[in-house]
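input_6.cif (mmCIF, C-alpha atoms) appears below.
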data_coords
#
loop_
_atom_site.label_atom_id
_atom_site.label_comp_id
_atom_site.auth_asym_id
_atom_site.auth_seq_id
_atom_site.Cartn_x
_atom_site.Cartn_y
_atom_site.Cartn_z
CA MET A 1 31.32 37.61 23.89
CA ARG A 2 27.81 37.84 25.29
CA ILE A 3 26.84 40.64 22.90
CA ARG A 4 28.07 38.53 20.00
CA VAL A 5 25.80 35.62 21.04
CA ILE A 6 22.84 37.97 21.36
CA LEU A 7 23.53 39.51 17.93
CA ILE A 8 23.80 36.04 16.36
CA ARG A 9 20.44 35.04 17.89
CA ILE A 10 18.82 38.25 16.65
CA PHE A 11 20.23 37.71 13.17
CA ASP A 12 19.01 34.08 13.16
CA TRP A 13 15.53 35.18 14.27
CA ILE A 14 15.33 37.89 11.57
CA SER A 15 16.62 35.49 8.91
CA SER A 16 14.14 32.81 9.96
CA ASN A 17 11.20 35.23 9.79
CA LEU A 18 12.27 36.55 6.38
CA ASN A 19 12.53 33.00 5.00
CA ARG A 20 9.11 32.10 6.43
CA ARG A 21 7.50 35.18 4.85
CA ARG A 22 9.20 34.43 1.52
CA THR A 23 8.02 30.80 1.59
CA LEU A 24 4.46 31.78 2.50
CA SER A 25 4.47 34.31 -0.35
CA GLU A 26 5.72 31.55 -2.64
CA LEU A 27 2.91 29.30 -1.40
CA LYS A 28 0.34 31.94 -2.40
CA LEU A 29 1.86 32.02 -5.90
CA ILE A 30 1.76 28.21 -6.21
CA TYR A 31 -1.82 28.15 -4.91
CA SER A 32 -2.89 30.65 -7.54
CA LEU A 33 -1.05 28.95 -10.42
CA PHE A 34 -2.19 25.47 -9.43
CA ASP A 35 -5.80 26.57 -9.02
CA GLN A 36 -5.77 28.33 -12.41
CA GLU A 37 -4.24 25.27 -14.11
CA VAL A 38 -6.88 22.94 -12.70
CA ARG A 39 -9.75 25.30 -13.51
CA HIS A 40 -8.45 25.69 -17.07
CA THR A 41 -8.21 21.90 -17.35
CA LEU A 42 -11.76 21.48 -16.05
CA ASP A 43 -13.00 24.01 -18.63
CA PHE A 44 -11.15 22.12 -21.36
CA LEU A 45 -12.63 18.80 -20.20
CA ALA A 46 -16.11 20.32 -20.22
CA SER A 47 -15.62 21.11 -23.93
CA LEU A 48 -15.00 17.46 -24.79
CA GLU A 49 -17.69 15.09 -25.93
CA GLU A 50 -18.21 11.76 -24.12
CA LYS A 51 -16.53 9.82 -26.96
CA ASP A 52 -13.43 12.04 -26.69
CA TRP A 53 -12.63 10.51 -23.30
CA GLN A 54 -11.53 7.31 -25.00
CA THR A 55 -9.23 9.15 -27.41
CA ILE A 56 -5.73 7.74 -27.19
CA SER A 57 -2.66 9.86 -26.57
CA HIS A 58 -0.58 9.12 -29.67
CA PRO A 59 2.34 9.59 -30.21
CA TRP A 60 2.95 10.65 -26.63
CA ASP A 61 2.90 7.22 -25.01
CA THR A 62 6.47 6.12 -25.70
CA ILE A 63 7.87 9.54 -24.83
CA LEU A 64 5.88 10.17 -21.66
CA PHE A 65 5.54 6.83 -20.03
CA ARG A 66 8.91 5.29 -20.93
CA ARG A 67 7.03 2.49 -22.65
CA LEU A 68 5.41 1.51 -19.33
CA ALA A 69 1.98 2.45 -20.63
CA ASN A 70 0.45 2.24 -24.09
CA ASN A 71 -2.81 3.53 -25.46
CA VAL A 72 -3.45 5.99 -22.64
CA SER A 73 -6.87 7.64 -22.92
CA VAL A 74 -7.94 11.13 -21.85
CA ALA A 75 -9.82 9.55 -18.92
CA GLU A 76 -6.68 7.68 -17.80
CA ILE A 77 -4.55 10.83 -18.00
CA ILE A 78 -7.07 12.73 -15.85
CA LYS A 79 -7.28 9.90 -13.32
CA HIS A 80 -3.47 9.90 -13.12
CA ILE A 81 -3.41 13.67 -12.50
CA VAL A 82 -6.17 13.50 -9.85
CA LEU A 83 -4.53 10.59 -8.00
CA LEU A 84 -1.07 12.16 -7.99
CA GLU A 85 -2.24 15.61 -6.87
CA HIS A 86 -4.37 14.11 -4.09
CA HIS A 87 -1.51 11.83 -3.01
CA ILE A 88 1.26 14.44 -2.94
CA ILE A 89 -0.75 17.17 -1.22
CA GLY A 90 -2.02 14.67 1.35
CA ALA A 91 1.53 13.42 1.95
CA ILE A 92 2.87 16.94 2.54
CA GLU A 93 0.14 17.35 5.13
CA SER A 94 0.43 13.97 6.86
CA GLN A 95 3.90 12.49 6.41
CA GLU A 96 6.82 13.12 8.71
CA SER A 97 9.95 14.76 7.37
CA GLY A 98 12.22 12.06 5.94
CA ALA A 99 9.37 9.92 4.58
CA VAL A 100 9.63 8.13 1.25
CA LEU A 101 6.43 8.55 -0.76
CA SER A 102 4.89 5.81 -2.86
CA LEU A 103 4.52 6.38 -6.59
CA GLU A 104 0.77 7.10 -6.54
CA GLY A 105 -1.88 7.24 -3.90
CA ASP A 106 -5.34 5.83 -3.44
CA GLU A 107 -6.10 3.93 -6.66
CA THR A 108 -9.75 3.61 -5.62
CA LEU A 109 -10.30 7.38 -5.65
CA CYS A 110 -11.63 7.41 -9.22
CA GLU A 111 -11.54 3.66 -9.87
CA LYS A 112 -15.08 3.02 -11.06
CA ILE A 113 -15.69 6.35 -12.73
CA GLN A 114 -16.06 6.05 -16.49
CA LYS A 115 -18.40 8.87 -17.54
CA LYS A 116 -16.98 12.31 -18.26
CA ARG A 117 -19.36 14.22 -15.99
CA ASP A 118 -18.61 11.91 -13.04
CA LEU A 119 -14.85 12.17 -13.46
CA VAL A 120 -15.04 15.96 -13.79
CA ALA A 121 -17.19 16.13 -10.62
CA CYS A 122 -14.70 13.88 -8.79
CA TYR A 123 -11.80 16.08 -9.93
CA GLN A 124 -13.58 19.25 -8.82
CA ALA A 125 -14.24 17.78 -5.36
CA VAL A 126 -10.66 16.51 -4.99
CA HIS A 127 -9.30 19.88 -6.15
CA GLU A 128 -11.34 21.77 -3.56
CA GLU A 129 -10.06 19.39 -0.88
CA ASN A 130 -6.47 19.92 -2.13
CA LEU A 131 -6.85 23.71 -2.01
CA SER A 132 -8.16 23.49 1.54
CA LYS A 133 -5.13 21.44 2.58
CA ILE A 134 -2.72 23.84 0.86
CA THR A 135 -4.35 26.78 2.67
CA ASN A 136 -3.71 25.06 5.99
CA PHE A 137 -0.06 24.16 5.39
CA LYS A 138 2.29 25.35 8.09
CA GLN A 139 5.87 26.40 7.55
CA SER A 140 6.95 23.02 8.93
CA ASP A 141 4.95 21.28 6.16
CA LEU A 142 6.66 23.37 3.49
CA ASP A 143 10.09 22.68 4.98
CA LYS A 144 9.63 18.89 5.25
CA LYS A 145 12.15 16.74 3.45
CA LEU A 146 10.32 14.05 1.47
CA THR A 147 11.55 11.61 -1.17
CA PHE A 148 9.47 10.93 -4.25
CA ILE A 149 10.67 8.69 -7.09
CA ASN A 150 14.15 8.56 -5.51
CA GLN A 151 14.34 12.36 -5.61
CA PRO A 152 14.56 14.46 -2.44
CA TYR A 153 12.10 17.35 -2.23
CA THR A 154 10.92 19.86 0.31
CA GLY A 155 7.18 20.27 0.76
CA ILE A 156 7.27 23.50 -1.24
CA GLY A 157 9.39 21.77 -3.89
CA LEU A 158 6.78 19.05 -4.27
CA LEU A 159 4.11 21.70 -4.82
CA TRP A 160 6.21 23.23 -7.61
CA MET A 161 6.71 19.74 -9.07
CA LEU A 162 2.93 19.17 -9.05
CA THR A 163 2.31 22.51 -10.75
CA GLY A 164 4.79 21.61 -13.49
CA HIS A 165 3.41 18.07 -13.79
CA HIS A 166 -0.10 19.42 -14.27
CA ALA A 167 1.07 21.92 -16.90
CA PHE A 168 2.86 19.12 -18.74
CA HIS A 169 -0.25 16.94 -18.95
CA LEU A 170 -2.45 19.91 -19.85
CA GLY A 171 -0.10 20.52 -22.78
CA GLN A 172 -0.40 16.85 -23.69
CA LEU A 173 -4.21 17.02 -23.63
CA ARG A 174 -4.32 20.27 -25.60
CA SER A 175 -2.08 18.71 -28.27
CA MET A 176 -4.30 15.69 -28.88
CA THR A 177 -6.45 15.47 -31.99
CA PHE A 178 -10.08 14.66 -31.29
CA PRO A 179 -12.37 13.23 -33.96
CA ARG A 180 -15.24 15.56 -34.75
CA THR A 181 -18.53 14.65 -36.37
CA ASN A 182 -20.04 16.98 -38.93
#

Any chance you could put this one into structure tokens?
Amino acid sequence: MRIRVILIRIFDWISSNLNRRRTLSELKLIYSLFDQEVRHTLDFLASLEEKDWQTISHPWDTILFRRLANNVSVAEIIKHIVLLEHHIIGAIESQESGAVLSLEGDETLCEKIQKKRDLVACYQAVHEENLSKITNFKQSDLDKKLTFINQPYTGIGLLWMLTGHHAFHLGQLRSMTFPRTN
């Protein structure tokens, strides 16, 4: 009986270490994908002219925002992305397992920013802060159970959700038609 208990503990320890290594490897993948997505988005934003930031996302509004938002501009889409990424990554770091997350975080983060260069600079700074937080995540952060929009997630699951969310909005931005002057 005693040998059986010892073998079970050894198996549990090995299994736990394998899962931790797998999750940390997964975190490196998410980090890389997320960083590449944001950098690609920043490059795309740099290619836009100041007037493009007021371009409206038609016909996406009714599909994307369930008719909760109309006439969403490029600037508003970017602010939404920045706020959500900052909020979720901060919550994974700071919230206790079992927490229910609010819909979006600190609305004042980019509140008064209207010019393209200022919003891009804000996004770059927030992204660097997000990457620093992700780098410092512990296994316990990745294993946390958090609820967001009535959906249960683990910390690692929320990071995958953010990566997909960013890709979705990047596709939205890349599909918009911008007026060009000749």

- For Arg39 in chain A, which of A:Lys51, A:Arg117, A:His127, A:His86 is the closest residue, counting only C-alpha atoms?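 Among the listed residues, A:His127 lies closest to Arg39 in chain A.
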
- Residues at most 9 Å from Lys145 in chain A, counting only C-alpha atoms, excluding those fewer than 3 positions away in the same chain, as a PyMOL selection string? chain A and resi 96-99+141-142+152-155

- Query: Which residue out of A:Ser140, A:Ile113, A:Leu146, A:Gln36 has the minimum interatomic distance to Ile88 in chain A when all atoms listed in the file are used?
  - Reply: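 Smallest distance to Ile88 in chain A is found for A:Leu146.
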
Starting from 5 Å padding per side, set up an axis-aligned box that covers all listed atoms of range 152-171 of chain A and hand over centre and edge lengths in Å, one decimal, as AutoDock Vina command-line options.
--center_x 6.1 --center_y 19.0 --center_z -11.0 --size_x 27.0 --size_y 19.0 --size_z 33.5

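Taking all atoms listed in the file into account, Val82 in chain A lies nearest to A:His165 out of the set A:His40, A:Arg174, A:Lys138, A:His165.
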
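Computed from the coordinates, the CA of Ala125 in chain A to CA of Leu103 in chain A distance equals 22.0 Å.
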
- A:Glu49, A:Glu104, A:Glu26, A:Glu37 ranked by distance to Ile149 in chain A, top pick (using all atoms listed in the file):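 Of all the options, A:Glu104 lies closest to Ile149 in chain A.
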
- Counting all atoms listed in the file, the option among A:Leu119, A:Ala91, A:Val38, A:Val126 closest to Val74 in chain A: A:Leu119

- Item | Top pick for closest residue to Ile156 in chain A, considering A:Ile92, A:Asp35, A:Ser102, A:Phe178 and counting only C-alpha atoms |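 Using only C-alpha atoms, the shortest distance to Ile156 in chain A belongs to A:Ile92.
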
- Task: I need the residue set behind the PyMOL selection byres ((chain A and resi 133) around 10) for this file; please write it as a ChimeraX atom specification.
- Result: /A:86,89-90,92-93,127-132,134-137

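Interatomic distance, CA of Leu84 in chain A against CA of Leu173 in chain A: 16.7 Å.
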
- Message: Show me the residues around (4.3, 30.5, -4.6) - criterion: an atom at most 12 Å away, all atoms listed in the file counted - as a PyMOL selection string.
- Response: chain A and resi 21-35+134-135+142+155-161+163

List as JSON lines every residue of range 76-141 of chain A that is in contact with range 53-56 of chain A, defined as an atom at most 10 Å from one of its atoms (using all atoms listed in the file), together with the nearest atom pair and the distance in Å rounded to one decimal, sorted by chain and then rising number.
{"residue": "A:Glu76", "atom": "CA", "partner": "A:Trp53", "partner_atom": "CA", "distance": 8.6}
{"residue": "A:Ile77", "atom": "CA", "partner": "A:Trp53", "partner_atom": "CA", "distance": 9.7}
{"residue": "A:Ile78", "atom": "CA", "partner": "A:Trp53", "partner_atom": "CA", "distance": 9.6}
{"residue": "A:Gln114", "atom": "CA", "partner": "A:Trp53", "partner_atom": "CA", "distance": 8.8}
{"residue": "A:Lys115", "atom": "CA", "partner": "A:Trp53", "partner_atom": "CA", "distance": 8.3}
{"residue": "A:Lys116", "atom": "CA", "partner": "A:Trp53", "partner_atom": "CA", "distance": 6.9}

- Task: Would you work out the distance separating CA of Gly105 in chain A from CA of His87 in chain A, expressed in Å to one decimal?
- Result: 4.7 Å
